[in-house]
Amino acid sequence: MSKQAPQQGRTIRFRIKRCDGPGKPSYWQEFDIVPEKNANIISCLKQIAETPVTVQGEKTTPVVWDSGCLEEVCGACTMVINGGVRQSCTGLIDVLAPNNGDTITLEPMSKFPVVRDLWVDRQRLFHNLERVKAWVPIDNTYSLGAGPKESPDSQATHYKLSECMSCGCCLEACPQFNIEEDESKWDESFIGAHAISQARLFNNHETGKQLKDERLEELSGKGGVGDCGNAQNCVKVCPKEIPLTESIAAMGRATTIHAVKSFFSGKK
Amino acid sequence: MSEQRVIVVGGGLAGLAATIRIAEQGIPVDLFSMVPVKRSHSVCAQGGINAANDVARQQGYSEYQHFDETLIGGDYLADQGPVLEMANFAPKIIDLLDRMGVPFNRTSEGYRALRLFGGSLFKRTHFSGASTGQQLLYALDEQVRRFAAEGKVKMYEFWEFLWPVTEGEGEDKRCVGIIGQDMRTMQIRAFRGDAVVMATGGCGLVFGKSTNSVICTGGAASRCYQAGAWYGNPEMIQVHPTAIPGADKCRLMSESARGEGGRVWVPRQKGDTRKPTDIPENERWYFLEERYPDYGNLVPRDIATREIFDVCVNDGMGVDGENQVYLDLTHMERDYLNSRLGAILDIYDKFVGEDPRETPMRIFPAVHYSMGGLWTKHTPGDAVPGEPRAVVHKPGDSAPIDADLGHGMKFCAPDNMMTNIEGLYAFGEVNFAYHGATRLGANALLSCIFDGLFCGMSVSKYVTEGKPKQHPASGVDQSVFDKFVAAEQGKMDTLLSGSETGASDPDTNPYTIANELGVIMTEASTVVKTEEGLEKCLAKIRELRERFSRVRLGDGGAWTNQSLSFTRAVGDMIAIGEAIAKGGLLRKESRGSHYRTDYPDRDDVNFLKTTVAEYAPGGDDECNIFYREVDTRFIKPRPRTYGKTDDSQSKKTQEKAEAQA
């Protein structure tokens with residue numbers, strides 16, 4: 001555990017930004033709790049749900065939040081904690097609030113529409129994976145033997161990129177990726193580091209390559225890789241340490257080559 | 001495209017594999033999930049997926065031996081036909097996943113690497129780092145996204161399954177759709193389907209803290225059970241030996257840690273307060289290696305769990321006097337650990353704040369997997385073995401049955417993994433079919449995908465050639481669906497009518513009731529069970545059921561009401577909890593994960609039988625238990641010892657060490 005053992009039985013305060021639903025105003029509520037041993041944000045939210053009474057003594061509804069595996073592998077419980085985007089399951093209370101009276105602030109991600117309280121609708125994130133055809137176009141699921149051989153080095157790169165859990169941290173931190181509630185504008189808005197990195201993953205796969213041109217076409221268009229402002233925030237907040245800026249650079253180069261090839265082949 | 005449609009509930013490995021296979025047959029699929037399918041609980045699977053392979057074959061291994069290992073691992077409680085078919089089909093699954101782009105770890109020459117796993121002496125586990133489940137799920141998710149983009153699959157994410165819709169009675173009863181609820185708008189509506197595939201996973205949350213995701217309440221399975229589907233072997237719950245205890249859940253520390261060389265130990269001297277790295281080799285008690293010289297740290301999970309429990313709880317030998325033992329990888333190369341186990345070592349580091357590459361991990365068993373589940377049928381395959389073989393199959397013996405399709409279970413038979421309700425199927429962890437009384441490590445991912453691909457064909461056959469061919473669900477009278485919608489609406493109204501903003505009286509608080517259920521279930525119905533404990537557990541369940549009838553929600557809202565969804569699941573967990581405890585009480589023997597101190601031996605005469613739980617409301621308890629014969633056509637059950645040494649020998653070493661100390 002952390003070097004100085006945090007005091008057991010201390011009271012800590014949660015400051016939570018709430019919202020009753022789309023189009024409704026946001027408001028703040030505060031809750032004091034005595035966290036359990038080895039508590040994290042999730043176990044504290046559960047405690048609040050069991051006895052939802054604010055610091056002012058007002059009875060309220062349990063806070064709504066999204067969560068899943070609680071092992072930082074599903075990406076569901078992403079939120080803005082003390083101003084930074086991350087998963088709440090790995091938000092250990094002994095680290096975030098070691099002293100009596102410490103406050104932890106929770107807000108929903110700001111780049112996606114709020115469904116309620118801390119729960120946001122990240123459908124656009126998945127839609128953008130569809131834009132780059134983030135899949136291997138296999139013929140069918142019948143037995144046709146093994147896939148392509150691969151070197152351990154190539155596997156290591158491939159695996160790292162494939163660890164992306166679609167949490168959206170990179171999008172929350174990106175100055176070019178902005179909230180867009182109008183679905184019809186999604187295809188022209190910045191696609192995001194996660195999708196660019198997935199395009200790289202599948203363009204490097206022996207069979208995935210078949211769709212390379214289509215992916216590069218999408219990344220060359222409006223909202224594509226050219227919209228990246230090179231802030232490099234994405235790579236700093238990625239909980240899986242995926243080399244997102246490397247992927248953006250690689251796809252940037254690939255789209256340039258693609259444009260030149262298309263020009264000379266008369267496709268454009 | 002066919003006129004018929006299929007509904008798949010659940011978007012983990014089983015649900016996605018079924019969706020792909022059925023949609024590929026030209027049948028439209030509606031896929032329902034409480035979460036974006038990419039966040040399903042399959043992501044948590046770490047270690048790998050089993051299949052016979054060329055390297056192991058050349059060492060004398062075979063599909064048949066994988067079959068044999070799975071059976072003895074499950075203490076012979078699984079019907080043998082489906083297990084044989086699964087083992088035989090397994091290599092095809094690995095190849096397919098490989099084609100889909102799963103980044104399996106590679107050998108230096110570029111072939112798929114293998115690792116050792118529990119219950120086998122051969123490397124037959126394929127893996128992708130230590131997040132194999134995540135990688136397999138993503139590969140299937142990508143294929144389903146492709147199908148959805150092509151219009152072959154319609155996704156209903158953030159929709160909760162509330163009830164199966166059935167028409168007809170008795171023999172004619174069949175499933176023709178589901179009632180679902182949008183978790184955001186709270187809209188309840190009916191969906192028509194010519195077959196419904198439940199692929200909704202396990203029920204770990206019945207035990208409060210487990211290794212499961214927050215969605216694994218077993219609610220969907222419980223609703224099918226309460227609607228008349230049978231539930232098989234409910235008492236068979238796997239407690240994984242190695243997890244990190246936490247306030248919100250217990251985090252899995254994969255069996256692959258041991259498969260790659262991890263060693264389990266405690267200090268030989270009780271109350272030794274030295275740092276683990278300061279304790280010399282000869283003062284460490286590697287109790288699994290000592291008691292099981294052949295399998296060592298890789299005995300099946302129920303055995304490792306009981307040994308750890310025994311060392312900590314009965315002998316008081318746990319590290320720092322607490323319920324924890326060391327799982328040690330510090331003797332291994334850092335780079336090797338990172339490439340093989342990086343993901344899980346990071347989990348330990350992030351949640352405990354210690355680097356397991358430097359300091360041994362402290363772990364303890366936690367509820368992990370439901371071998372039991374919805375009872376399902378199957379049509380046996382074409383292998384006719386005569387008498388079950390009593391001889392032990394040795395490595396290198398030629399397999400008595402080859403690995404061709406259809407020997408264990410008939411390919412495309414419409415009833416494969418169909419519940420006792422026609423048209424209602426159960427795939428993956430939610431069924432009871434493959435793992436008997438203990439699941440071997442790295443067999444779960446296999447059974448999920450096997451069901452989806454192999455039994456997905458059965459669903460296709462059923463809807464195109466069975467009853468739905470003449471009588472498609474689209475032709476069923478609307479009033480049938482309206483009746484079920486009204487019933488669900490009524491249940492919701494009842495729950496909401498008792499709501500009070502901020503309600504927190506522990507007597508009627510849904511969170512408190514769930515916590516109390518978890519505590520009693522963990523205490524009475526996991527590692528060690530007794531008649532007394534289980535009776536007490538059932539009495540507590542009756543109390544909780546009564547309190548639940550007066551439950552008060554803290555939120556009466558009509559928008560994204562998570563309290564409603566959770567509370568409804570609490571009622572369903574009580575129903576499943578009762579089946580688990582009652583199944584355990586009536587099974588007066590010990591078998592696999594089910595260990596009764598008052599009946600410590602396996603009793604094949606009386607209990608080589610499937611427990612079947614049938615929901616029977618109205619009485620004091622609501623669960624009726626009966627038994628069905630287990631199919632043991634191929635292999636005659638043998639003692640399940642895994643070469644355990646004479647305990648006195650181990651005790652002697654122990655005493656000697658204590659004397660020295």
# chains A, B, ... in the order shown; residues from 1 in each chain; ligands from 1
$ interface_residues --of "chain A" --to "chain B" --cutoff "7 Å" --atoms "only C-alpha atoms" --output "PyMOL selection string"
chain A and resi 1-2+36-39+42-43+50-53+59-62+64+68-71+73-76+90+116+130+134-136+138+141+143+145-147+149-152+155+158-159
$ write_last_selection --atoms "C-alpha atoms" --output "PDB file, in the first residue's frame"
ATOM      1  CA  MET A   1       0.000   0.000   0.000  1.00  0.00           C
ATOM      2  CA  SER A   2       1.063   3.653  -0.016  1.00  0.00           C
ATOM      3  CA  GLU A  36     -14.261   0.676   3.795  1.00  0.00           C
ATOM      4  CA  LYS A  37     -10.799  -0.890   3.890  1.00  0.00           C
ATOM      5  CA  ASN A  38      -9.218  -0.967   0.391  1.00  0.00           C
ATOM      6  CA  ALA A  39     -12.042   1.218  -0.902  1.00  0.00           C
ATOM      7  CA  ILE A  42     -16.926   2.242  -6.965  1.00  0.00           C
ATOM      8  CA  SER A  43     -17.276   0.912  -3.416  1.00  0.00           C
ATOM      9  CA  GLU A  50     -27.317   2.410   0.078  1.00  0.00           C
ATOM     10  CA  THR A  51     -27.833   5.613   2.106  1.00  0.00           C
ATOM     11  CA  PRO A  52     -28.208   8.521  -0.300  1.00  0.00           C
ATOM     12  CA  VAL A  53     -28.263  11.492   2.037  1.00  0.00           C
ATOM     13  CA  LYS A  59     -32.498  12.608   1.092  1.00  0.00           C
ATOM     14  CA  THR A  60     -31.797  12.078  -2.586  1.00  0.00           C
ATOM     15  CA  THR A  61     -31.730   9.344  -5.227  1.00  0.00           C
ATOM     16  CA  PRO A  62     -28.703   7.045  -5.606  1.00  0.00           C
ATOM     17  CA  VAL A  64     -26.281   6.768 -11.479  1.00  0.00           C
ATOM     18  CA  GLY A  68     -18.656  -3.337 -15.475  1.00  0.00           C
ATOM     19  CA  CYS A  69     -15.605  -5.434 -14.741  1.00  0.00           C
ATOM     20  CA  LEU A  70     -14.045  -3.229 -12.029  1.00  0.00           C
ATOM     21  CA  GLU A  71     -10.617  -4.476 -13.181  1.00  0.00           C
ATOM     22  CA  VAL A  73     -10.362  -3.963 -18.658  1.00  0.00           C
ATOM     23  CA  CYS A  74     -13.922  -3.171 -19.840  1.00  0.00           C
ATOM     24  CA  GLY A  75     -13.689   0.639 -19.955  1.00  0.00           C
ATOM     25  CA  ALA A  76     -17.222   1.233 -18.644  1.00  0.00           C
ATOM     26  CA  THR A  90      -8.685   1.964 -10.157  1.00  0.00           C
ATOM     27  CA  ARG A 116     -27.995  10.613 -16.214  1.00  0.00           C
ATOM     28  CA  GLU A 130     -17.337   1.269 -37.914  1.00  0.00           C
ATOM     29  CA  ALA A 134     -12.106  -1.996 -37.658  1.00  0.00           C
ATOM     30  CA  TRP A 135     -12.342  -5.694 -38.423  1.00  0.00           C
ATOM     31  CA  VAL A 136     -10.649  -8.473 -40.379  1.00  0.00           C
ATOM     32  CA  ILE A 138     -12.814 -13.106 -43.049  1.00  0.00           C
ATOM     33  CA  THR A 141     -16.673 -18.953 -39.962  1.00  0.00           C
ATOM     34  CA  SER A 143     -13.015 -24.422 -40.948  1.00  0.00           C
ATOM     35  CA  GLY A 145      -7.261 -23.725 -41.412  1.00  0.00           C
ATOM     36  CA  ALA A 146      -5.107 -21.322 -39.404  1.00  0.00           C
ATOM     37  CA  GLY A 147      -4.590 -17.607 -39.881  1.00  0.00           C
ATOM     38  CA  LYS A 149       1.885 -16.711 -39.148  1.00  0.00           C
ATOM     39  CA  GLU A 150       3.254 -13.760 -37.204  1.00  0.00           C
ATOM     40  CA  SER A 151       6.577 -12.912 -35.572  1.00  0.00           C
ATOM     41  CA  PRO A 152       6.651 -12.347 -31.796  1.00  0.00           C
ATOM     42  CA  GLN A 155       2.411  -9.846 -32.189  1.00  0.00           C
ATOM     43  CA  HIS A 158      -0.506  -5.926 -32.523  1.00  0.00           C
ATOM     44  CA  TYR A 159      -1.474  -6.941 -28.963  1.00  0.00           C
TER      45      TYR A 159
END
$ select_by_dssp --residues "stretch 79-224 of chain B" --states "strand (DSSP E)" --output "PyMOL selection string"
chain B and resi 114-115+125-126+153-157+159-167+174-182+188-192+195-198
$ residues_around --residues "A:Met251" --least-positions-apart "6" --cutoff "9 Å" --atoms "only C-alpha atoms" --output "PyMOL selection string"
chain A and resi 196-197+199-200+216+219+225
$ write_last_selection --atoms "N, CA, C and O atoms" --output "compact mmCIF listing (two decimals), in the first residue's frame"
# COMPACT_ATOMS: atom_id res chain seq x y z
N ILE A 196 -8.26 5.88 -35.05
CA ILE A 196 -7.08 5.96 -35.92
C ILE A 196 -6.12 4.81 -35.59
O ILE A 196 -5.57 4.15 -36.46
N SER A 197 -5.99 4.55 -34.29
CA SER A 197 -5.10 3.48 -33.85
C SER A 197 -5.63 2.11 -34.28
O SER A 197 -4.84 1.22 -34.63
N ALA A 199 -7.41 1.62 -36.97
CA ALA A 199 -7.16 1.54 -38.42
C ALA A 199 -5.74 1.03 -38.66
O ALA A 199 -5.50 0.19 -39.53
N ARG A 200 -4.80 1.53 -37.85
CA ARG A 200 -3.42 1.07 -37.98
C ARG A 200 -3.31 -0.42 -37.67
O ARG A 200 -2.67 -1.18 -38.41
N LEU A 216 -8.02 4.19 -45.28
CA LEU A 216 -7.24 5.41 -45.51
C LEU A 216 -8.11 6.48 -46.17
O LEU A 216 -7.95 7.68 -45.89
N LEU A 219 -9.93 8.07 -43.40
CA LEU A 219 -9.03 8.90 -42.59
C LEU A 219 -8.52 10.12 -43.35
O LEU A 219 -8.01 11.07 -42.75
N VAL A 225 -7.61 11.97 -40.05
CA VAL A 225 -6.36 12.14 -39.30
C VAL A 225 -5.81 13.56 -39.41
O VAL A 225 -5.15 14.07 -38.51
$ residues_around --residues "A:Cys44" --least-positions-apart "2" --cutoff "9 Å" --atoms "only C-alpha atoms" --output "mmCIF file with C-alpha atoms, in the first residue's frame"
data_model
loop_
_atom_site.group_PDB
_atom_site.id
_atom_site.type_symbol
_atom_site.label_atom_id
_atom_site.label_comp_id
_atom_site.auth_asym_id
_atom_site.auth_seq_id
_atom_site.Cartn_x
_atom_site.Cartn_y
_atom_site.Cartn_z
ATOM 1 C CA PHE A 14 -17.581 13.304 -2.431
ATOM 2 C CA ILE A 33 -18.725 8.751 3.899
ATOM 3 C CA VAL A 34 -16.384 6.579 5.934
ATOM 4 C CA PRO A 35 -14.740 4.411 3.294
ATOM 5 C CA GLU A 36 -14.261 0.676 3.795
ATOM 6 C CA ALA A 39 -12.042 1.218 -0.902
ATOM 7 C CA ASN A 40 -12.202 2.591 -4.428
ATOM 8 C CA ILE A 41 -14.550 5.081 -6.090
ATOM 9 C CA ILE A 42 -16.926 2.242 -6.965
ATOM 10 C CA LYS A 46 -22.195 1.811 -3.636
ATOM 11 C CA GLN A 47 -22.099 3.069 -0.052
ATOM 12 C CA ILE A 48 -23.772 6.289 -1.158
ATOM 13 C CA ALA A 49 -26.420 4.317 -3.070
ATOM 14 C CA ILE A 93 -9.382 6.018 -1.934
ATOM 15 C CA ASP B 248 -16.073 -3.770 -4.199
#
$ atom_distance --atom1 "atom CA of B:Lys529" --atom2 "atom CA of B:Leu585"
8.3 Å
$ atom_distance --atom1 "atom CA of B:Ile279" --atom2 "atom CA of B:Leu337"
22.3 Å
$ select_by_dssp --residues "stretch 55-201 of chain A" --states "alpha helix (DSSP H)" --output "VMD selection string"
chain A and resid 93 to 96 123 to 131 152 to 162 169 to 172 193 to 201
$ write_last_selection --atoms "N, CA and C atoms" --output "short mmCIF file (atom, residue, chain, number, x, y, z; two decimals), in the first residue's frame"
data_model
loop_
_atom_site.label_atom_id
_atom_site.label_comp_id
_atom_site.auth_asym_id
_atom_site.auth_seq_id
_atom_site.Cartn_x
_atom_site.Cartn_y
_atom_site.Cartn_z
N ILE A 93 -9.11 4.94 -2.88
CA ILE A 93 -9.38 6.02 -1.93
C ILE A 93 -8.15 6.33 -1.08
N ASP A 94 -7.39 5.30 -0.75
CA ASP A 94 -6.19 5.54 0.06
C ASP A 94 -5.20 6.45 -0.66
N VAL A 95 -5.24 6.45 -1.98
CA VAL A 95 -4.35 7.31 -2.76
C VAL A 95 -5.01 8.67 -3.00
N LEU A 96 -6.30 8.67 -3.36
CA LEU A 96 -6.97 9.91 -3.74
C LEU A 96 -7.35 10.76 -2.53
N GLN A 123 -21.98 6.00 -27.69
CA GLN A 123 -22.28 5.31 -28.95
C GLN A 123 -21.38 5.80 -30.10
N ARG A 124 -21.10 7.10 -30.09
CA ARG A 124 -20.31 7.67 -31.19
C ARG A 124 -18.91 7.04 -31.25
N LEU A 125 -18.40 6.71 -30.12
CA LEU A 125 -17.08 6.08 -30.05
C LEU A 125 -17.07 4.76 -30.83
N PHE A 126 -18.13 3.97 -30.64
CA PHE A 126 -18.23 2.70 -31.36
C PHE A 126 -18.54 2.92 -32.84
N HIS A 127 -19.36 3.94 -33.10
CA HIS A 127 -19.68 4.27 -34.49
C HIS A 127 -18.40 4.57 -35.27
N ASN A 128 -17.48 5.27 -34.61
CA ASN A 128 -16.24 5.64 -35.30
C ASN A 128 -15.36 4.42 -35.62
N LEU A 129 -15.53 3.35 -34.86
CA LEU A 129 -14.83 2.10 -35.20
C LEU A 129 -15.39 1.54 -36.50
N GLU A 130 -16.69 1.72 -36.68
CA GLU A 130 -17.34 1.27 -37.91
C GLU A 130 -16.85 2.10 -39.10
N ARG A 131 -16.63 3.39 -38.86
CA ARG A 131 -16.16 4.26 -39.95
C ARG A 131 -14.85 3.76 -40.54
N PRO A 152 6.96 -12.81 -33.14
CA PRO A 152 6.65 -12.35 -31.80
C PRO A 152 6.67 -10.81 -31.69
N ASP A 153 7.57 -10.16 -32.40
CA ASP A 153 7.63 -8.70 -32.36
C ASP A 153 6.36 -8.08 -32.91
N SER A 154 5.94 -8.61 -34.04
CA SER A 154 4.73 -8.10 -34.67
C SER A 154 3.53 -8.35 -33.75
N GLN A 155 3.50 -9.54 -33.12
CA GLN A 155 2.41 -9.85 -32.19
C GLN A 155 2.39 -8.85 -31.03
N ALA A 156 3.57 -8.50 -30.54
CA ALA A 156 3.64 -7.59 -29.40
C ALA A 156 3.04 -6.23 -29.75
N THR A 157 3.34 -5.74 -30.96
CA THR A 157 2.78 -4.46 -31.41
C THR A 157 1.27 -4.57 -31.57
N HIS A 158 0.89 -5.63 -32.23
CA HIS A 158 -0.51 -5.93 -32.52
C HIS A 158 -1.32 -6.01 -31.21
N TYR A 159 -0.78 -6.74 -30.24
CA TYR A 159 -1.47 -6.94 -28.96
C TYR A 159 -1.65 -5.62 -28.23
N LYS A 160 -0.60 -4.82 -28.23
CA LYS A 160 -0.67 -3.53 -27.53
C LYS A 160 -1.81 -2.68 -28.10
N LEU A 161 -1.88 -2.59 -29.41
CA LEU A 161 -2.94 -1.80 -30.05
C LEU A 161 -4.31 -2.40 -29.77
N SER A 162 -4.33 -3.72 -29.68
CA SER A 162 -5.59 -4.43 -29.51
C SER A 162 -6.10 -4.36 -28.07
N CYS A 169 -11.05 7.83 -22.84
CA CYS A 169 -10.16 8.79 -22.17
C CYS A 169 -9.48 9.69 -23.20
N CYS A 170 -8.99 9.08 -24.29
CA CYS A 170 -8.25 9.84 -25.30
C CYS A 170 -9.13 10.91 -25.94
N LEU A 171 -10.44 10.64 -26.02
CA LEU A 171 -11.36 11.57 -26.64
C LEU A 171 -11.69 12.71 -25.68
N GLU A 172 -11.85 12.36 -24.40
CA GLU A 172 -12.13 13.38 -23.39
C GLU A 172 -10.99 14.40 -23.32
N ALA A 193 -8.50 9.48 -31.63
CA ALA A 193 -7.25 8.71 -31.63
C ALA A 193 -7.52 7.20 -31.58
N HIS A 194 -8.54 6.81 -30.82
CA HIS A 194 -8.80 5.37 -30.67
C HIS A 194 -9.07 4.71 -32.02
N ALA A 195 -9.86 5.39 -32.87
CA ALA A 195 -10.24 4.80 -34.16
C ALA A 195 -9.06 4.83 -35.14
N ILE A 196 -8.26 5.88 -35.05
CA ILE A 196 -7.08 5.96 -35.92
C ILE A 196 -6.12 4.81 -35.59
N SER A 197 -5.99 4.55 -34.29
CA SER A 197 -5.10 3.48 -33.85
C SER A 197 -5.63 2.11 -34.28
N GLN A 198 -6.94 1.95 -34.26
CA GLN A 198 -7.51 0.68 -34.72
C GLN A 198 -7.34 0.51 -36.23
N ALA A 199 -7.41 1.62 -36.97
CA ALA A 199 -7.16 1.54 -38.42
C ALA A 199 -5.74 1.03 -38.66
N ARG A 200 -4.80 1.53 -37.85
CA ARG A 200 -3.42 1.07 -37.98
C ARG A 200 -3.31 -0.42 -37.67
N LEU A 201 -3.99 -0.83 -36.61
CA LEU A 201 -3.97 -2.26 -36.22
C LEU A 201 -4.42 -3.14 -37.38
#
$ atom_distance --atom1 "atom CA of B:Gln489" --atom2 "atom CA of B:Asp507"
25.4 Å
$ closest_residue --among "A:Cys164, A:Ala173, A:Pro148, A:Thr103" --to "A:Glu72" --atoms "only C-alpha atoms"
A:Cys164
$ residues_around --residues "stretch 121-123 of chain B" --least-positions-apart "4" --cutoff "8 Å" --atoms "only C-alpha atoms" --output "PyMOL selection string"
chain B and resi 56+61+114-117+295
$ write_last_selection --atoms "N, CA and C atoms" --output "PDB file, in the first residue's frame"
ATOM      1  N   ALA B  56       1.351 -30.747 -28.972  1.00  0.00           N
ATOM      2  CA  ALA B  56       0.919 -31.688 -27.935  1.00  0.00           C
ATOM      3  C   ALA B  56       0.633 -33.063 -28.536  1.00  0.00           C
ATOM      4  N   TYR B  61      -0.478 -36.430 -26.975  1.00  0.00           N
ATOM      5  CA  TYR B  61      -1.756 -35.856 -26.540  1.00  0.00           C
ATOM      6  C   TYR B  61      -2.776 -35.962 -27.676  1.00  0.00           C
ATOM      7  N   LEU B 114       2.056 -21.846 -26.608  1.00  0.00           N
ATOM      8  CA  LEU B 114       1.179 -22.617 -25.733  1.00  0.00           C
ATOM      9  C   LEU B 114       1.648 -22.482 -24.301  1.00  0.00           C
ATOM     10  N   ARG B 115       0.718 -22.615 -23.368  1.00  0.00           N
ATOM     11  CA  ARG B 115       1.132 -22.640 -21.960  1.00  0.00           C
ATOM     12  C   ARG B 115       0.411 -23.765 -21.230  1.00  0.00           C
ATOM     13  N   LEU B 116       0.952 -24.070 -20.058  1.00  0.00           N
ATOM     14  CA  LEU B 116       0.400 -25.143 -19.239  1.00  0.00           C
ATOM     15  C   LEU B 116      -0.748 -24.590 -18.399  1.00  0.00           C
ATOM     16  N   PHE B 117      -1.741 -25.418 -18.181  1.00  0.00           N
ATOM     17  CA  PHE B 117      -2.882 -25.003 -17.362  1.00  0.00           C
ATOM     18  C   PHE B 117      -3.321 -26.140 -16.457  1.00  0.00           C
ATOM     19  N   TYR B 295       1.042 -32.754 -10.292  1.00  0.00           N
ATOM     20  CA  TYR B 295       0.395 -31.544 -10.819  1.00  0.00           C
ATOM     21  C   TYR B 295       0.872 -30.282 -10.090  1.00  0.00           C
TER      22      TYR B 295
END
$ residues_around --residues "stretch 437-452 of chain B" --least-positions-apart "2" --cutoff "8 Å" --atoms "only C-alpha atoms" --output "PyMOL selection string"
chain B and resi 13-19+21+42+45+47-50+70+73-78+86+89-90+93+117-119+125+133+236-238+255+300-302+371+417+427-429+434-435+454-456+591-594
$ residues_around --residues "B:Ala473" --least-positions-apart "2" --cutoff "7 Å" --atoms "only C-alpha atoms" --output "number ranges by chain"
B: 176, 192-194, 468, 471, 475-476
$ closest_residue --among "A:Leu144, A:Ile179, A:Val132, A:Val115" --to "A:Cys19" --atoms "only C-alpha atoms"
A:Val115
